[in-house]
$ cat entry.cif   # mmCIF, C-alpha atoms
data_model
loop_
_atom_site.label_atom_id
_atom_site.label_comp_id
_atom_site.auth_asym_id
_atom_site.auth_seq_id
_atom_site.Cartn_x
_atom_site.Cartn_y
_atom_site.Cartn_z
CA MET A 1 6.07 -22.72 1.56
CA LYS A 2 4.48 -21.80 4.92
CA THR A 3 7.67 -22.97 6.65
CA LEU A 4 9.80 -20.66 4.53
CA ILE A 5 7.41 -17.74 5.05
CA LEU A 6 7.53 -18.25 8.82
CA THR A 7 11.32 -18.50 8.65
CA PHE A 8 11.52 -15.11 6.92
CA GLY A 9 8.95 -13.58 9.23
CA LEU A 10 10.56 -14.75 12.44
CA GLY A 11 13.97 -13.72 11.24
CA LEU A 12 12.76 -10.14 11.10
CA ILE A 13 11.75 -10.00 14.75
CA ALA A 14 15.28 -9.93 16.09
CA ALA A 15 16.20 -6.65 14.41
CA LEU A 16 14.63 -4.50 17.02
CA GLN A 17 16.28 -5.84 20.16
CA ALA A 18 19.62 -4.40 19.09
CA GLN A 19 21.90 -2.22 21.17
CA ASP A 20 20.46 1.19 20.26
CA LEU A 21 16.89 0.45 21.31
CA PRO A 22 15.25 2.33 24.16
CA VAL A 23 15.20 0.80 27.63
CA VAL A 24 11.94 -1.01 28.37
CA GLU A 25 10.10 0.71 31.19
CA GLU A 26 6.63 -0.68 30.55
CA GLU A 27 5.34 -4.22 30.26
CA SER A 28 4.69 -3.73 26.54
CA GLN A 29 6.35 -1.04 24.45
CA ASN A 30 5.78 -0.32 20.76
CA LEU A 31 9.13 0.06 18.98
CA GLY A 32 7.63 1.50 15.83
CA THR A 33 8.00 0.61 12.22
CA TRP A 34 10.78 -1.35 10.49
CA TYR A 35 11.15 -2.47 6.86
CA LEU A 36 12.41 -5.65 5.23
CA LYS A 37 14.82 -4.41 2.57
CA ALA A 38 16.47 -7.57 1.22
CA VAL A 39 16.22 -11.34 1.63
CA ALA A 40 18.56 -14.21 0.70
CA ALA A 41 18.15 -17.91 1.40
CA ASP A 42 19.68 -21.26 0.60
CA THR A 43 16.22 -22.32 -0.62
CA GLU A 44 14.10 -20.51 -3.18
CA VAL A 45 12.47 -17.34 -1.89
CA PRO A 46 8.69 -17.53 -2.49
CA GLY A 47 7.58 -15.01 -5.09
CA LYS A 48 11.10 -14.21 -6.34
CA LYS A 49 10.66 -15.77 -9.79
CA ASN A 50 7.62 -13.70 -10.68
CA GLY A 51 8.70 -10.64 -8.70
CA SER A 52 5.57 -10.62 -6.58
CA LEU A 53 7.14 -10.63 -3.10
CA SER A 54 5.89 -7.61 -1.16
CA VAL A 55 5.68 -6.78 2.53
CA THR A 56 4.01 -4.25 4.80
CA PRO A 57 5.99 -2.35 7.42
CA ILE A 58 6.79 -4.46 10.47
CA THR A 59 5.36 -3.48 13.86
CA ILE A 60 7.44 -4.66 16.81
CA LYS A 61 6.69 -4.66 20.54
CA ILE A 62 9.04 -5.59 23.36
CA LEU A 63 7.29 -7.92 25.77
CA GLU A 64 8.01 -8.52 29.43
CA GLY A 65 11.36 -10.27 29.80
CA GLY A 66 12.73 -8.90 26.51
CA SER A 67 10.92 -11.22 24.10
CA LEU A 68 9.60 -9.60 20.93
CA GLU A 69 6.22 -9.63 19.20
CA LEU A 70 6.16 -9.11 15.42
CA ASN A 71 3.20 -8.27 13.17
CA PHE A 72 3.17 -7.69 9.40
CA THR A 73 1.83 -9.21 6.18
CA MET A 74 3.59 -10.61 3.13
CA LEU A 75 2.00 -10.81 -0.31
CA ILE A 76 3.67 -13.63 -2.22
CA GLY A 77 2.46 -14.65 -5.66
CA GLY A 78 -0.97 -13.10 -5.04
CA GLN A 79 -1.42 -14.87 -1.69
CA CYS A 80 -1.52 -12.82 1.51
CA HIS A 81 0.21 -14.26 4.59
CA GLU A 82 -0.21 -12.59 7.98
CA ILE A 83 2.82 -13.00 10.23
CA SER A 84 2.37 -12.63 13.97
CA ALA A 85 4.95 -14.30 16.14
CA ILE A 86 7.00 -14.17 19.33
CA LEU A 87 10.80 -14.42 19.36
CA GLU A 88 12.26 -15.48 22.71
CA LYS A 89 15.28 -13.66 24.10
CA THR A 90 18.21 -15.90 25.09
CA ASP A 91 21.05 -15.35 27.57
CA GLU A 92 23.45 -14.80 24.65
CA PRO A 93 23.44 -11.18 23.38
CA GLY A 94 22.07 -10.86 19.85
CA LYS A 95 20.66 -14.41 19.80
CA TYR A 96 16.94 -15.30 19.80
CA THR A 97 14.92 -18.47 19.34
CA ALA A 98 11.44 -19.42 18.20
CA TYR A 99 9.38 -22.57 17.89
CA ARG A 100 10.97 -24.27 20.90
CA GLY A 101 14.47 -23.70 19.59
CA LYS A 102 13.81 -24.84 16.02
CA GLN A 103 14.83 -21.41 14.78
CA VAL A 104 17.88 -19.44 15.92
CA VAL A 105 18.39 -15.83 14.81
CA HIS A 106 21.63 -13.82 15.14
CA ILE A 107 21.77 -10.02 14.78
CA ILE A 108 24.66 -8.55 12.81
CA PRO A 109 24.87 -4.76 13.09
CA THR A 110 25.91 -2.92 9.93
CA GLY A 111 28.03 0.19 9.61
CA VAL A 112 24.88 2.02 8.46
CA GLN A 113 22.77 3.59 11.19
CA HIS A 114 19.44 1.82 11.90
CA HIS A 115 20.22 -1.16 9.61
CA TYR A 116 20.71 -4.74 10.78
CA ILE A 117 21.45 -8.03 9.10
CA LEU A 118 19.71 -11.07 10.53
CA TYR A 119 21.15 -14.52 10.01
CA SER A 120 18.71 -17.31 10.74
CA GLU A 121 18.97 -21.09 10.82
CA SER A 122 15.73 -23.03 11.09
CA THR A 123 15.31 -26.76 11.42
CA TRP A 124 12.07 -28.07 9.91
CA HIS A 125 11.51 -31.79 9.37
CA LYS A 126 15.25 -32.53 9.62
CA HIS A 127 16.11 -29.86 7.02
CA VAL A 128 18.10 -26.73 7.86
CA ILE A 129 16.98 -23.55 6.12
CA ARG A 130 19.37 -20.59 6.25
CA THR A 131 18.18 -17.04 5.58
CA VAL A 132 19.78 -13.63 5.68
CA ASN A 133 17.58 -10.50 5.97
CA LEU A 134 18.40 -6.80 5.79
CA VAL A 135 16.08 -4.57 7.83
CA GLY A 136 16.03 -0.84 8.45
CA ARG A 137 14.00 2.03 9.84
CA ASP A 138 13.02 3.57 6.48
CA PRO A 139 11.58 1.98 3.32
CA GLU A 140 14.34 3.11 0.94
CA VAL A 141 17.11 0.67 0.06
CA ASN A 142 20.46 2.01 1.29
CA GLN A 143 23.23 0.99 -1.15
CA GLU A 144 25.93 0.93 1.54
CA ALA A 145 23.82 -1.37 3.75
CA LEU A 146 23.00 -3.53 0.71
CA ALA A 147 26.73 -3.90 -0.08
CA GLU A 148 27.37 -5.09 3.50
CA PHE A 149 24.40 -7.44 3.20
CA GLU A 150 25.88 -9.00 0.02
CA LYS A 151 29.20 -9.61 1.83
CA VAL A 152 27.41 -11.36 4.72
CA VAL A 153 25.37 -13.46 2.27
CA GLU A 154 28.60 -14.65 0.62
CA ALA A 155 30.37 -15.17 3.98
CA ARG A 156 27.50 -17.42 5.14
CA GLY A 157 27.86 -19.56 2.02
CA LEU A 158 24.76 -18.34 0.19
CA LYS A 159 24.75 -17.09 -3.39
CA THR A 160 24.24 -13.39 -4.10
CA ASP A 161 21.90 -14.29 -6.96
CA SER A 162 19.49 -15.57 -4.29
CA ILE A 163 18.99 -11.98 -3.05
CA SER A 164 15.49 -10.58 -3.46
CA ILE A 165 14.38 -6.98 -2.82
CA PRO A 166 10.73 -7.06 -1.69
CA LYS A 167 8.28 -4.37 -2.72
CA GLN A 168 7.02 -2.21 0.14
CA ARG A 169 3.23 -2.17 0.64
CA ALA A 170 1.58 0.67 2.53
CA GLU A 171 -1.45 -1.30 3.67
CA ALA A 172 -2.07 -4.81 4.90
CA CYS A 173 -4.08 -7.34 2.98
CA SER A 174 -6.39 -9.99 4.34
CA PRO A 175 -4.89 -13.49 4.71
CA GLY A 176 -5.76 -15.63 1.69
CA SER A 177 -6.54 -12.62 -0.51
CA ALA A 178 -4.53 -10.82 -3.15
#
$ encode --input "entry.cif" --output "structure tokens"
Amino acid sequence: MKTLILTFGLGLIAALQAQDLPVVEEESQNLGTWYLKAVAADTEVPGKKNGSLSVTPITIKILEGGSLELNFTMLIGGQCHEISAILEKTDEPGKYTAYRGKQVVHIIPTGVQHHYILYSESTWHKHVIRTVNLVGRDPEVNQEALAEFEKVVEARGLKTDSISIPKQRAEACSPGSA
């Protein structure tokens, strides 16, 4: 389950290095708050069955060289998981890697302002896990962005019934606590 949680978490990092972001003028720049609005995967999403998947807003910083640092927490089935990770920028626009290339994330802009779809493929112990995430600048689910998300989920060969809408949490929890 930790592998799948990290896959979701790292997939979120790429959203903020998209084309409409400010130019980096400092070594470390806070890009503000983003929200995970929908998740789909070719494996079961933790917490989906009992509806207990919730996330805090995501804080993103651009690091020197264009890599990204992500920090947020996920509460899944009463267990708190703190996500803090670095996503490495590649030479290919819209493509990022993590864990020495074991995870590749592609950014897909939507037609809705400040919404991005992230397609991720992760290789863990010879298994490929595919995830699709919808992220945006505000916590409300935008129906137009969600409709685009569903089309991308289908186009990537995933089932729309695998889509989960996480609950938004205002405050972080401590790892290992509910």
$ closest_residue --input "entry.cif" --among "A:Leu146, A:Val104, A:Cys80, A:Ile117" --to "A:Ile165" --atoms "only C-alpha atoms"
A:Leu146
$ atom_distance --input "entry.cif" --atom1 "atom CA of A:Tyr99" --atom2 "atom CA of A:Ser122"
9.3 Å
$ atom_distance --input "entry.cif" --atom1 "atom CA of A:Thr59" --atom2 "atom CA of A:Thr160"
27.9 Å
$ atom_distance --input "entry.cif" --atom1 "atom CA of A:Arg156" --atom2 "atom CA of A:Ser54"
24.6 Å
$ resolve_selection --input "entry.cif" --expression "the PyMOL selection byres ((chain A and resi 169) around 9)" --output "PyMOL selection string"
chain A and resi 54-57+74-75+167-168+170-172
$ closest_residue --input "entry.cif" --among "A:Leu68, A:Ile107, A:Leu36, A:Ile83" --to "A:Asn142" --atoms "only C-alpha atoms"
A:Leu36
$ resolve_selection --input "entry.cif" --expression "the PyMOL selection byres ((chain A and resi 141) around 12)" --output "PDB file with C-alpha atoms, in the coordinates of the input"
ATOM      1  CA  TYR A  35      11.150  -2.470   6.860  1.00  0.00           C
ATOM      2  CA  LEU A  36      12.410  -5.650   5.230  1.00  0.00           C
ATOM      3  CA  LYS A  37      14.820  -4.410   2.570  1.00  0.00           C
ATOM      4  CA  ALA A  38      16.470  -7.570   1.220  1.00  0.00           C
ATOM      5  CA  VAL A 112      24.880   2.020   8.460  1.00  0.00           C
ATOM      6  CA  HIS A 115      20.220  -1.160   9.610  1.00  0.00           C
ATOM      7  CA  LEU A 134      18.400  -6.800   5.790  1.00  0.00           C
ATOM      8  CA  VAL A 135      16.080  -4.570   7.830  1.00  0.00           C
ATOM      9  CA  GLY A 136      16.030  -0.840   8.450  1.00  0.00           C
ATOM     10  CA  ARG A 137      14.000   2.030   9.840  1.00  0.00           C
ATOM     11  CA  ASP A 138      13.020   3.570   6.480  1.00  0.00           C
ATOM     12  CA  PRO A 139      11.580   1.980   3.320  1.00  0.00           C
ATOM     13  CA  GLU A 140      14.340   3.110   0.940  1.00  0.00           C
ATOM     14  CA  ASN A 142      20.460   2.010   1.290  1.00  0.00           C
ATOM     15  CA  GLN A 143      23.230   0.990  -1.150  1.00  0.00           C
ATOM     16  CA  GLU A 144      25.930   0.930   1.540  1.00  0.00           C
ATOM     17  CA  ALA A 145      23.820  -1.370   3.750  1.00  0.00           C
ATOM     18  CA  LEU A 146      23.000  -3.530   0.710  1.00  0.00           C
ATOM     19  CA  ALA A 147      26.730  -3.900  -0.080  1.00  0.00           C
ATOM     20  CA  PHE A 149      24.400  -7.440   3.200  1.00  0.00           C
ATOM     21  CA  SER A 164      15.490 -10.580  -3.460  1.00  0.00           C
ATOM     22  CA  ILE A 165      14.380  -6.980  -2.820  1.00  0.00           C
ATOM     23  CA  PRO A 166      10.730  -7.060  -1.690  1.00  0.00           C
ATOM     24  CA  LYS A 167       8.280  -4.370  -2.720  1.00  0.00           C
ATOM     25  CA  GLN A 168       7.020  -2.210   0.140  1.00  0.00           C
TER      26      GLN A 168
END
$ resolve_selection --input "entry.cif" --expression "the PyMOL selection byres ((chain A and resi 40) around 8)" --output "mmCIF file with C-alpha atoms, in the coordinates of the input"
data_model
loop_
_atom_site.group_PDB
_atom_site.id
_atom_site.type_symbol
_atom_site.label_atom_id
_atom_site.label_comp_id
_atom_site.auth_asym_id
_atom_site.auth_seq_id
_atom_site.Cartn_x
_atom_site.Cartn_y
_atom_site.Cartn_z
ATOM 1 C CA ALA A 38 16.470 -7.570 1.220
ATOM 2 C CA VAL A 39 16.220 -11.340 1.630
ATOM 3 C CA ALA A 41 18.150 -17.910 1.400
ATOM 4 C CA ASP A 42 19.680 -21.260 0.600
ATOM 5 C CA VAL A 45 12.470 -17.340 -1.890
ATOM 6 C CA THR A 131 18.180 -17.040 5.580
ATOM 7 C CA VAL A 132 19.780 -13.630 5.680
ATOM 8 C CA ASN A 133 17.580 -10.500 5.970
ATOM 9 C CA VAL A 153 25.370 -13.460 2.270
ATOM 10 C CA LEU A 158 24.760 -18.340 0.190
ATOM 11 C CA LYS A 159 24.750 -17.090 -3.390
ATOM 12 C CA THR A 160 24.240 -13.390 -4.100
ATOM 13 C CA SER A 162 19.490 -15.570 -4.290
ATOM 14 C CA ILE A 163 18.990 -11.980 -3.050
ATOM 15 C CA SER A 164 15.490 -10.580 -3.460
#
$ closest_residue --input "entry.cif" --among "A:Gly157, A:Gly77, A:Gly66, A:Gly111" --to "A:Tyr96" --atoms "only C-alpha atoms"
A:Gly66
